[in-house]
Amino acid sequence: MPAVSKGDGMRGLAVFISDIRNCKSKEAEIKRINKELANIRSKFKGDKALDGYSKKKYVCKLLFIFLLGHDIDFGHMEAVNLLSSNRYTEKQIGYLFISVLVNSNSELIRLINNGIKNDLASRNPTFMNLALHCIANVGSREMAEAFTADIPKILVAGDTMDSVKQSAALCLLRLNRTSPDLVPMGEWTSRVVHLLNDQHLGVVTAATSLITTLAQKNPEEFKTSVSLAVSRLSRIVTSASTDLQDYTYYFVPAPWLSVKLLRLLQCYPPPEDGAVRGRLTECLETILNKAQEPPKSKKVQHSNAKNAVLFEAISLIIHHDSEPNLLVRACNQLGQFLQHRETNLRYLALESMCTLASSEFSHEAVKTHIETVINALKTERDVSVRQRAVDLLYAMCDRSNAQQIVAEMLNYLETADYSIREEIVLKVAILAEKYAVDYTWYVDTILNLIRIAGDYVSEEVWYRVIQIVINRDDVQGYSAKTVFEALQAPACHENLVKVGGYILGEFGNLIAGDPRSSPLIQFNLLHSKFHLCSVPTRALLLSTYIKFVNLFPEIKATIQDVLRSDSQLRNADVELQQRAVEYLRLSSIASTDILATVLEEMPPFPERESSILTKLKKKKGPGKVPDVEETKKERNSDMNGSTEPASVNSSAVTMSTPSTSTDLLGLGSAPVLNSVAPSSAGGSLLVDVFSDNSPAVASLAPSAEENFTSPRIGSTDVVSDDPAAAVHDADELVDKFVCKNNGVLFENQLMQIGLKSEFRQNLGRMYIFYGNKTSNQFQSFSTAVICQDALKTHILLHLFCIVDPAVDGGAQVQQILNIECVSDFMEAPILNIQFRYGGALQNMSVKLPITLNKFFQPTEMTSQDFFQRWKQLGAPQQEVQKIFKAKHPMDTEVTKAKIIGFGVALLDMVDPNPSNFTGAGVIHTKNIQVGCLLRLEPNTQAQMYRLTLRTSRETVSQRLCELLSEQF
Amino acid sequence: MMHFMLLFSRQGKLRLQKWFIAIGEREKKKIIREMTQSVLARQTKTCNFMDWKDLKIVYKRYASLYICCGMEDQDNELLTIEIIHHYVELLDTYFGNVCELDIIFNFEKAYFILDEFLMGGEVQETSKLSVSKCIEESDLMQETMEEYMSKPAF
């Protein structure tokens with residue numbers, strides 16, 4: 001038992017915790033919790049002021065309930081009261097509650113900041129520590145804004161207590177991580193560096209963490225820390241195990257500080273100063289030597305702490321990559337660990353060796369351990385360790401051992417854990433390509449990959465093998481033969497059918513001389529798989545068939561029969577049907593010459609970085625893929641390597657109807673009919689634009705191809721230019737739609753624009769109807785939606801449906817606008833319409849009634865809840881109030897309908913005065929949700945209204961008030 | 001830098017959670033679920049590390065209690081095991097032969113002790129003496145027994 005009795009805890013809390021533990025079922029637990037919540041609520045709301053002890057007890061209970069996984073929506077104010085208390089024990093609980101429950105964007109932050117400010121100024125170290133801990137725990141931007149100026153002062157002031165310095169250093173570190181722009185650099189930075197010399201090792205430990213983070217961002221400014229860190233480290237490693245008293249951990253002197261110092265040194269290159277450099281080398285040697293000494297204790301804590309320092313030292317040696325002697329020693333040390341009985345050490349040794357393998361000094365030394373690593377792959381029981389072994393094999397692979405390593409990886413793949421198969425597949429594919437001397441080996445390897453782990457072979461892998469086969473004519477005949485043989489297997493993976501279909505379609509003629517693989521046999525073999533395949537593969541096979549028509553005129557009739565069959569021509573899938581129709585037509589009307597041109601062999605792909613490598617990097621995260629030679633190429637990796645294989649030449653594309661817009665968006669998985677590099681690059685460019693979330697959205701022309709020939713005609717653009725045309729007196733139009741979603745937006749002699757819209761959470765869809773009121777045609781009709789700069793980041797708009805450039809007299813055309821609200825906004829986007837009527841260019845702009853309130857979800861709540869939340873939102877900037885004169889007759893029912901139309905729930909019986917209206921709702925945006933309460937008080941005598949809005953965001957309150965106050 | 005530390009039982013009941021990064025409650029619950037599931041599924045005699053997304057998970061079992069930390073990639077794994085152990089020793093010093101029940105009933109103390117040791121995801125004070133002294137001092141500032149007895153249980 002500790003010196004102080006634990007009985008000083010709160011008995012009520014202990015009783016409650018036992019109650020919960022005694023609950024036999026989840027239901028009973030929830031019941032007990034609800035009872036307690038009701039009790040606490042009534043206590044907090046009661047007339048009797050609570051004493052500090054009770055408040056503390058109840059707040060603790062709430063905290064406990066929260067930690068059980070239940071939501072807590074009250075008690076924050078009481079916690080803030082507690083932390084402002086002068087009694088330590090209350091303050092402590094208050095801070096704990098806030099630290100655990102309050103996340104960065106709570107509206108309470110200002111109140112909390114006040115308490116913190118007082119405590120920081122109190123000069124009471126215990127209070128200061130609590131306050132600093134709270135800042136570090138919450139770490140929000142508002143806190144950073146409030147305190148980044150003070151904390152450095154506390155940190156470097158001469159009279160600050162050591163424990164406060166420690167807290168201040170780490171607090172500053174946290175703020176620097178969350179809001180680096182707010183932490184001012186200045187005179188204090190040089191004094192922080194000197195904390196490395198502090199007498200108190202706790203202060204040095206905390207300061208080293210801070211300096212490391214700062215030095216990563218401004219290495220120049222903290223350069224002096226290198227020599228200080230080296231001398232500190234040297235003093236630690238050479239000290240006897242008792243010198244550092246309580247900072248010695250299981251006979252290892254200050255392991256935490258040592259590791260932190262070694263990490264700090266990894267922010268810099270090897271020291272330039274010879275003396276410093278020599279001293280550091282000595283340190284590292286001492287650490288390596290100590291690893292060979294007999295352990296001072298049998299406890300695992302001793303060996304862990306000692307080896308932690310050793311591994312960090314090895315990391316530094318690898319980082320410096322300049323001392324061959326040290327690198328080789330490090331490698332030997334790790335080699336010993338590879339066979340250690342501790343699984344942890346084997347794991348770490350494999351991991352560390354991975355980085356060592358990329359150093360030119362130690363690459364060869366690492367390679368000597370290949371048998372041990374392969375053995376680890378086969379015998380380790382722990383999947384984490386096996387994964388490290390795969391990584392290391394990949395890292396140590398070069399031309400000399402590639403065949404062995406690839407073979408071992410393929411072997412392992414058959415039994416590998418599902419979780420790491422895809423990664424192994426990627427690695428094998430990369431190694432096979434990178435170190436292929438003989439491309440037949442490469443083709444065999446990839447086909448093996450598909451056979452062993454077809455499900456894990458991603459698109460990139462089989463795209464790549466096709467790129468390579470197409471680009472290298474020495475391997476084409478071999479590939480055709482090999483895939484033909486592989487396809488003979490009764491059950492083969494769909495990926496093999498894809499590769500086989502593509503390669504035979506291009507190079508089937510190279511093996512057609514052999515009667516065992518005559519054209520008809522090739523075709524029948526492929527077609528026997530056809531019905532088992534998915535739509536994209538079938539689409540690819542259809543392209544293979546049309547290529548066969550060109551390669552093998554003798555089987556043209558057979559293929560035409562297949563294309564003509566109902567299962568193709570009337571296929572339910574539109575892509576397949578289209579291909580069948582077009583290919584059939586192409587094969588019957590085109591002359592042999594035209595066929596030969598259209599269906600010519602694919603031209604070589606431009607050389608580009610393997611997309612597989614990009615994929616692996618994405619999977620592992622940057623820096624985790626060690627590759628010795630590829631680094632130079634990486635810069636070109638913006639090239640989209642995933643060339644979509646399709647077998648029809650470009651001239652066929654113009655014959656086919658443009659592919660649907662879903663393909664353009666990259667949603668359709670079927671290979672699109674664009675094949676040669678330029679047009680496919682065009683396609684993927686478009687895909688990139690769409691996947692990009694930048695506010696300006698690219699044009700939605702019917703297809704990429706058409707976009708080349710006739711840009712923009714009849715297309716619909718969402719552009720981000722400033723509105724040039726005069727905007728029709730727009731706010732009125734917008735106001736009309738605040739409380740309703742459908743209606744006529746705009747009308748003049750020529751046209752009428754109607755709207756129908758629907759919204760759900762932060763998404764919306766608006767149908768826009770353009771009616772031509774005249775009897776003549778509109779020409780060059782086009783529309784665009786314009787987002788002002790201020791709006792661009794707040795809502796995203798996508799305009800769909802292509803409008804024909806000609807709109808006949810009396811006709812109506814429709815467009816769909818998809819809307820996504822990212823965060824709250826003020827302005828409305830503008831719809832711009834242009835067309836020619838009777839030779840004159842017409843240009844008009846109207847504001848689209850997309851207003852913030854559209855993203856309301858109504859919230860029902862009781863009177864009690866309403867007023868409680870109302871009180872919580874009591875800060876002055878959260879409330880907006882407006883008193884205005886009624887513009888319309890003051891009819892209760894109409895007012896109710898308008899409030900409901902505004903989007904909030906109309907709460908009956910909430911307001912004590914029955915003639916008042918109250919409402920509640922939540923604004924949904926992608927980034928945040930904003931709860932909103934409103935109260936409308938009519939004064940019929942004066943014909944006035946008073947509207948009050950409370951939300952957690954000032955801008956939201958204001959905007960909603962503006963919108964709603966125009967409605968009555 | 002440590003991103004989080006979780007203490008949970010063999011049955012997957014969460015006993016303590018400490019977050020050093022700002023994330024939403026839903027995300028937290030998701031991480032807790034994934035961590036308990038994958039750590040509890042690990043077999044014995046495996047290493048104490050796991051890769052998980054961009055983080056390295058370091059965990060250790062003490063009787064029925066698992067302690068699990070989410071670390072950044074470049075953090076030192078072995079030393080993280082010792083962070084866990086050091087924390088357990090601190091709890092042990094305070095409670096005397098700490099058991100899961102101590103942490104359940106005195107969760108606030110478990111938090112205070114952790115706060116003395118770690119801050120912002122970094123080690124703040126590694127001296128056991130200093131940490132214990134801080135905790136004792138703060139205990140001295142609690143109410144006395146008489147004060148406590150005179151308070152109502154509810």
# chains A, B, ... in the order shown; residues from 1 in each chain; ligands from 1
$ select_by_dssp --residues "chain B" --states "strand (DSSP E)" --output "JSON, numbers by chain"
{"B": [2, 3, 4, 5, 6, 7, 8, 9, 14, 15, 16, 17, 18, 19, 49, 50, 51, 52, 55, 56, 57, 58, 59, 60, 61, 62, 65, 66, 67, 68, 69, 70, 71, 118, 119, 122, 123]}
$ residues_around --residues "Glu125 in chain B" --least-positions-apart "2" --cutoff "9 Å" --atoms "only C-alpha atoms" --output "list of chain:residue names"
A:Ser163, A:Gln166, A:Leu201, A:Gly202, A:Val203, A:Thr205, A:Ala206, B:Glu116, B:Phe117, B:Leu118, B:Val123, B:Ser127, B:Lys128, B:Ser130, B:Val131
$ select_by_dssp --residues "range 341-373 of chain A" --states "alpha helix (DSSP H)" --output "list in words"
Thr343, Asn344, Leu345, Arg346, Tyr347, Leu348, Ala349, Leu350, Glu351, Ser352, Met353, Cys354, Thr355, Leu356, His363, Glu364, Ala365, Val366, Lys367, Ile370, Glu371, Thr372 and Val373 of chain A
$ residues_around --residues "Pro519 in chain A" --least-positions-apart "6" --cutoff "12 Å" --atoms "only C-alpha atoms" --output "VMD selection string"
chain A and resid 484 504 to 505 507 to 513 525 to 526 545 547 to 556 558 to 559
$ residues_around --residues "range 73-89 of chain B" --least-positions-apart "4" --cutoff "8 Å" --atoms "only C-alpha atoms" --output "list of chain:residue names"
A:Pro255, A:Trp256, A:Val259, A:Gln301, A:Asn304, A:Ala305, A:Asn307, A:Ala308, A:Phe311, A:Glu312, B:Met1, B:Asn48, B:Phe49, B:Asp54, B:Leu55, B:Lys56, B:Val58, B:Tyr59, B:Lys60, B:Ile67, B:Cys69, B:Thr93, B:Leu114, B:Phe117
$ write_last_selection --atoms "N, CA, C and O atoms" --output "short mmCIF file (atom, residue, chain, number, x, y, z; two decimals), in the first residue's frame"
data_model
loop_
_atom_site.label_atom_id
_atom_site.label_comp_id
_atom_site.auth_asym_id
_atom_site.auth_seq_id
_atom_site.Cartn_x
_atom_site.Cartn_y
_atom_site.Cartn_z
N PRO A 255 18.92 5.19 -20.55
CA PRO A 255 18.65 4.71 -21.91
C PRO A 255 17.74 5.65 -22.71
O PRO A 255 17.95 5.85 -23.90
N TRP A 256 16.74 6.23 -22.04
CA TRP A 256 15.83 7.10 -22.78
C TRP A 256 16.54 8.32 -23.33
O TRP A 256 16.38 8.68 -24.48
N VAL A 259 18.91 7.36 -26.24
CA VAL A 259 18.21 7.14 -27.51
C VAL A 259 17.75 8.47 -28.10
O VAL A 259 17.87 8.71 -29.30
N GLN A 301 14.49 -6.52 -18.96
CA GLN A 301 14.53 -5.06 -19.00
C GLN A 301 15.95 -4.57 -19.27
O GLN A 301 16.16 -3.60 -19.99
N ASN A 304 16.70 -5.29 -22.96
CA ASN A 304 15.91 -4.40 -23.82
C ASN A 304 16.49 -2.99 -23.85
O ASN A 304 16.65 -2.39 -24.91
N ALA A 305 16.78 -2.45 -22.67
CA ALA A 305 17.27 -1.08 -22.61
C ALA A 305 18.62 -0.97 -23.32
O ALA A 305 18.87 -0.04 -24.08
N ASN A 307 19.86 -2.96 -25.67
CA ASN A 307 19.73 -3.13 -27.11
C ASN A 307 18.98 -1.97 -27.77
O ASN A 307 19.21 -1.68 -28.94
N ALA A 308 18.10 -1.34 -27.03
CA ALA A 308 17.41 -0.17 -27.58
C ALA A 308 18.45 0.87 -27.97
O ALA A 308 18.41 1.45 -29.05
N PHE A 311 20.44 -0.42 -31.05
CA PHE A 311 19.73 -0.27 -32.33
C PHE A 311 19.68 1.19 -32.78
O PHE A 311 19.79 1.49 -33.97
N GLU A 312 19.51 2.09 -31.81
CA GLU A 312 19.47 3.50 -32.18
C GLU A 312 20.85 3.94 -32.69
O GLU A 312 20.95 4.72 -33.63
N MET B 1 7.26 9.57 -31.56
CA MET B 1 6.23 10.07 -30.67
C MET B 1 5.11 9.04 -30.54
O MET B 1 4.70 8.43 -31.53
N ASN B 48 6.72 -8.56 -29.91
CA ASN B 48 5.80 -7.60 -29.31
C ASN B 48 5.42 -6.47 -30.27
O ASN B 48 4.93 -5.44 -29.84
N PHE B 49 5.70 -6.65 -31.56
CA PHE B 49 5.46 -5.55 -32.50
C PHE B 49 4.51 -5.99 -33.60
O PHE B 49 4.47 -7.15 -33.98
N ASP B 54 0.21 3.36 -40.71
CA ASP B 54 1.54 3.99 -40.69
C ASP B 54 2.22 3.80 -39.36
O ASP B 54 3.34 4.28 -39.16
N LEU B 55 1.55 3.16 -38.44
CA LEU B 55 2.09 3.09 -37.08
C LEU B 55 2.70 1.73 -36.79
O LEU B 55 2.42 0.74 -37.46
N LYS B 56 3.51 1.74 -35.75
CA LYS B 56 4.06 0.50 -35.26
C LYS B 56 3.39 0.28 -33.91
O LYS B 56 3.40 1.14 -33.06
N VAL B 58 3.29 -1.50 -30.43
CA VAL B 58 4.12 -2.23 -29.48
C VAL B 58 3.22 -2.58 -28.30
O VAL B 58 2.54 -1.71 -27.77
N TYR B 59 3.18 -3.85 -27.93
CA TYR B 59 2.28 -4.22 -26.84
C TYR B 59 2.97 -5.19 -25.91
O TYR B 59 3.96 -5.82 -26.26
N LYS B 60 2.44 -5.28 -24.71
CA LYS B 60 2.98 -6.25 -23.77
C LYS B 60 1.86 -6.70 -22.84
O LYS B 60 0.97 -5.92 -22.52
N ILE B 67 -1.14 -3.94 -22.45
CA ILE B 67 -0.86 -2.52 -22.67
C ILE B 67 -0.32 -2.39 -24.08
O ILE B 67 0.57 -3.15 -24.49
N CYS B 69 0.74 0.32 -27.33
CA CYS B 69 1.08 1.70 -27.71
C CYS B 69 1.19 1.82 -29.22
O CYS B 69 1.74 0.94 -29.88
N THR B 93 4.54 0.66 -7.70
CA THR B 93 5.06 1.37 -6.54
C THR B 93 3.93 2.08 -5.82
O THR B 93 3.88 2.10 -4.60
N LEU B 114 0.40 8.42 -15.20
CA LEU B 114 0.85 8.42 -16.60
C LEU B 114 1.26 9.83 -17.03
O LEU B 114 2.24 10.02 -17.75
N PHE B 117 4.69 10.78 -16.17
CA PHE B 117 5.73 10.03 -16.88
C PHE B 117 5.82 10.45 -18.35
O PHE B 117 6.89 10.70 -18.88
#
$ residues_around --residues "Ile23 in chain B" --least-positions-apart "4" --cutoff "12 Å" --atoms "only C-alpha atoms" --output "ChimeraX atom specification"
/A:100-105,137-140,178 /B:3-4,18-19,27-31
$ closest_residue --among "B:Tyr94, B:Leu101, B:Thr44, B:Cys134" --to "chain A" --atoms "only C-alpha atoms"
B:Tyr94
$ closest_residue --among "A:Phe66, A:Tyr347, A:Phe759, A:Phe147" --to "chain B" --atoms "only C-alpha atoms"
A:Tyr347
$ decode --residues "range 97-110 of chain B" --atoms "all heavy atoms" --output "PDB file, in the first residue's frame"
ATOM      1  N   ASN B  97       1.837  -3.907  -5.602  1.00  0.00           N
ATOM      2  CA  ASN B  97       1.308  -5.080  -6.291  1.00  0.00           C
ATOM      3  C   ASN B  97       0.042  -4.748  -7.078  1.00  0.00           C
ATOM      4  O   ASN B  97      -1.029  -5.284  -6.818  1.00  0.00           O
ATOM      5  CB  ASN B  97       0.979  -6.175  -5.276  1.00  0.00           C
ATOM      6  CG  ASN B  97       1.815  -7.392  -5.562  1.00  0.00           C
ATOM      7  OD1 ASN B  97       2.245  -7.582  -6.706  1.00  0.00           O
ATOM      8  ND2 ASN B  97       2.065  -8.181  -4.539  1.00  0.00           N
ATOM      9  N   VAL B  98       0.214  -3.912  -8.033  1.00  0.00           N
ATOM     10  CA  VAL B  98      -0.962  -3.414  -8.759  1.00  0.00           C
ATOM     11  C   VAL B  98      -1.704  -4.546  -9.463  1.00  0.00           C
ATOM     12  O   VAL B  98      -1.110  -5.513  -9.934  1.00  0.00           O
ATOM     13  CB  VAL B  98      -0.518  -2.338  -9.782  1.00  0.00           C
ATOM     14  CG1 VAL B  98       0.343  -2.966 -10.868  1.00  0.00           C
ATOM     15  CG2 VAL B  98      -1.717  -1.649 -10.388  1.00  0.00           C
ATOM     16  N   CYS B  99      -3.019  -4.458  -9.462  1.00  0.00           N
ATOM     17  CA  CYS B  99      -3.801  -5.411 -10.246  1.00  0.00           C
ATOM     18  C   CYS B  99      -4.836  -4.623 -11.048  1.00  0.00           C
ATOM     19  O   CYS B  99      -5.005  -3.419 -10.854  1.00  0.00           O
ATOM     20  CB  CYS B  99      -4.466  -6.445  -9.357  1.00  0.00           C
ATOM     21  SG  CYS B  99      -5.745  -5.741  -8.326  1.00  0.00           S
ATOM     22  N   GLU B 100      -5.514  -5.332 -11.911  1.00  0.00           N
ATOM     23  CA  GLU B 100      -6.470  -4.672 -12.802  1.00  0.00           C
ATOM     24  C   GLU B 100      -7.506  -3.865 -12.005  1.00  0.00           C
ATOM     25  O   GLU B 100      -7.878  -2.762 -12.398  1.00  0.00           O
ATOM     26  CB  GLU B 100      -7.158  -5.743 -13.641  1.00  0.00           C
ATOM     27  CG  GLU B 100      -7.661  -5.246 -14.972  1.00  0.00           C
ATOM     28  CD  GLU B 100      -8.353  -6.359 -15.762  1.00  0.00           C
ATOM     29  OE1 GLU B 100      -7.896  -7.513 -15.679  1.00  0.00           O
ATOM     30  OE2 GLU B 100      -9.344  -6.058 -16.424  1.00  0.00           O
ATOM     31  N   LEU B 101      -7.939  -4.432 -10.868  1.00  0.00           N
ATOM     32  CA  LEU B 101      -8.964  -3.744 -10.073  1.00  0.00           C
ATOM     33  C   LEU B 101      -8.502  -2.374  -9.606  1.00  0.00           C
ATOM     34  O   LEU B 101      -9.282  -1.425  -9.545  1.00  0.00           O
ATOM     35  CB  LEU B 101      -9.333  -4.599  -8.867  1.00  0.00           C
ATOM     36  CG  LEU B 101     -10.377  -5.687  -9.125  1.00  0.00           C
ATOM     37  CD1 LEU B 101     -10.644  -6.441  -7.842  1.00  0.00           C
ATOM     38  CD2 LEU B 101     -11.667  -5.092  -9.678  1.00  0.00           C
ATOM     39  N   ASP B 102      -7.215  -2.278  -9.243  1.00  0.00           N
ATOM     40  CA  ASP B 102      -6.694  -0.977  -8.806  1.00  0.00           C
ATOM     41  C   ASP B 102      -6.902   0.066  -9.895  1.00  0.00           C
ATOM     42  O   ASP B 102      -7.257   1.210  -9.623  1.00  0.00           O
ATOM     43  CB  ASP B 102      -5.197  -1.076  -8.501  1.00  0.00           C
ATOM     44  CG  ASP B 102      -4.937  -1.904  -7.264  1.00  0.00           C
ATOM     45  OD1 ASP B 102      -5.701  -1.762  -6.299  1.00  0.00           O
ATOM     46  OD2 ASP B 102      -3.976  -2.686  -7.277  1.00  0.00           O
ATOM     47  N   ILE B 103      -6.670  -0.356 -11.116  1.00  0.00           N
ATOM     48  CA  ILE B 103      -6.780   0.602 -12.216  1.00  0.00           C
ATOM     49  C   ILE B 103      -8.250   0.932 -12.481  1.00  0.00           C
ATOM     50  O   ILE B 103      -8.591   2.067 -12.791  1.00  0.00           O
ATOM     51  CB  ILE B 103      -6.099   0.033 -13.485  1.00  0.00           C
ATOM     52  CG1 ILE B 103      -4.613  -0.140 -13.200  1.00  0.00           C
ATOM     53  CG2 ILE B 103      -6.304   0.945 -14.675  1.00  0.00           C
ATOM     54  CD1 ILE B 103      -3.862  -0.860 -14.265  1.00  0.00           C
ATOM     55  N   ILE B 104      -9.118  -0.065 -12.314  1.00  0.00           N
ATOM     56  CA  ILE B 104     -10.538   0.204 -12.538  1.00  0.00           C
ATOM     57  C   ILE B 104     -11.055   1.216 -11.502  1.00  0.00           C
ATOM     58  O   ILE B 104     -11.708   2.198 -11.837  1.00  0.00           O
ATOM     59  CB  ILE B 104     -11.351  -1.100 -12.448  1.00  0.00           C
ATOM     60  CG1 ILE B 104     -10.935  -2.043 -13.576  1.00  0.00           C
ATOM     61  CG2 ILE B 104     -12.846  -0.806 -12.502  1.00  0.00           C
ATOM     62  CD1 ILE B 104     -11.503  -3.434 -13.447  1.00  0.00           C
ATOM     63  N   PHE B 105     -10.723   0.956 -10.240  1.00  0.00           N
ATOM     64  CA  PHE B 105     -11.304   1.794  -9.186  1.00  0.00           C
ATOM     65  C   PHE B 105     -10.568   3.112  -9.008  1.00  0.00           C
ATOM     66  O   PHE B 105     -11.096   4.042  -8.433  1.00  0.00           O
ATOM     67  CB  PHE B 105     -11.358   1.017  -7.868  1.00  0.00           C
ATOM     68  CG  PHE B 105     -12.552   0.117  -7.794  1.00  0.00           C
ATOM     69  CD1 PHE B 105     -12.456  -1.217  -8.151  1.00  0.00           C
ATOM     70  CD2 PHE B 105     -13.790   0.608  -7.399  1.00  0.00           C
ATOM     71  CE1 PHE B 105     -13.561  -2.045  -8.107  1.00  0.00           C
ATOM     72  CE2 PHE B 105     -14.893  -0.215  -7.362  1.00  0.00           C
ATOM     73  CZ  PHE B 105     -14.786  -1.550  -7.709  1.00  0.00           C
ATOM     74  N   ASN B 106      -9.348   3.163  -9.462  1.00  0.00           N
ATOM     75  CA  ASN B 106      -8.592   4.401  -9.278  1.00  0.00           C
ATOM     76  C   ASN B 106      -8.101   4.915 -10.627  1.00  0.00           C
ATOM     77  O   ASN B 106      -6.950   5.295 -10.771  1.00  0.00           O
ATOM     78  CB  ASN B 106      -7.409   4.150  -8.354  1.00  0.00           C
ATOM     79  CG  ASN B 106      -7.858   3.649  -7.010  1.00  0.00           C
ATOM     80  OD1 ASN B 106      -8.337   4.403  -6.184  1.00  0.00           O
ATOM     81  ND2 ASN B 106      -7.729   2.349  -6.803  1.00  0.00           N
ATOM     82  N   PHE B 107      -9.007   4.882 -11.591  1.00  0.00           N
ATOM     83  CA  PHE B 107      -8.572   5.247 -12.940  1.00  0.00           C
ATOM     84  C   PHE B 107      -7.968   6.633 -12.987  1.00  0.00           C
ATOM     85  O   PHE B 107      -7.031   6.898 -13.731  1.00  0.00           O
ATOM     86  CB  PHE B 107      -9.735   5.093 -13.926  1.00  0.00           C
ATOM     87  CG  PHE B 107     -10.839   6.072 -13.737  1.00  0.00           C
ATOM     88  CD1 PHE B 107     -10.859   7.253 -14.457  1.00  0.00           C
ATOM     89  CD2 PHE B 107     -11.879   5.835 -12.826  1.00  0.00           C
ATOM     90  CE1 PHE B 107     -11.880   8.160 -14.290  1.00  0.00           C
ATOM     91  CE2 PHE B 107     -12.890   6.739 -12.656  1.00  0.00           C
ATOM     92  CZ  PHE B 107     -12.898   7.918 -13.380  1.00  0.00           C
ATOM     93  N   GLU B 108      -8.510   7.526 -12.127  1.00  0.00           N
ATOM     94  CA  GLU B 108      -7.980   8.894 -12.194  1.00  0.00           C
ATOM     95  C   GLU B 108      -6.527   8.935 -11.731  1.00  0.00           C
ATOM     96  O   GLU B 108      -5.708   9.637 -12.302  1.00  0.00           O
ATOM     97  CB  GLU B 108      -8.884   9.872 -11.424  1.00  0.00           C
ATOM     98  CG  GLU B 108      -8.771   9.915  -9.908  1.00  0.00           C
ATOM     99  CD  GLU B 108      -9.495   8.776  -9.192  1.00  0.00           C
ATOM    100  OE1 GLU B 108      -9.911   7.812  -9.843  1.00  0.00           O
ATOM    101  OE2 GLU B 108      -9.622   8.841  -7.953  1.00  0.00           O
ATOM    102  N   LYS B 109      -6.200   8.074 -10.769  1.00  0.00           N
ATOM    103  CA  LYS B 109      -4.806   8.015 -10.311  1.00  0.00           C
ATOM    104  C   LYS B 109      -3.906   7.463 -11.419  1.00  0.00           C
ATOM    105  O   LYS B 109      -2.792   7.942 -11.646  1.00  0.00           O
ATOM    106  CB  LYS B 109      -4.692   7.123  -9.081  1.00  0.00           C
ATOM    107  CG  LYS B 109      -5.306   7.712  -7.837  1.00  0.00           C
ATOM    108  CD  LYS B 109      -4.322   8.638  -7.150  1.00  0.00           C
ATOM    109  CE  LYS B 109      -4.837   9.085  -5.809  1.00  0.00           C
ATOM    110  NZ  LYS B 109      -5.711  10.254  -5.875  1.00  0.00           N
ATOM    111  N   ALA B 110      -4.446   6.442 -12.104  1.00  0.00           N
ATOM    112  CA  ALA B 110      -3.660   5.852 -13.185  1.00  0.00           C
ATOM    113  C   ALA B 110      -3.342   6.920 -14.231  1.00  0.00           C
ATOM    114  O   ALA B 110      -2.242   6.961 -14.779  1.00  0.00           O
ATOM    115  CB  ALA B 110      -4.411   4.687 -13.812  1.00  0.00           C
TER     116      ALA B 110
END
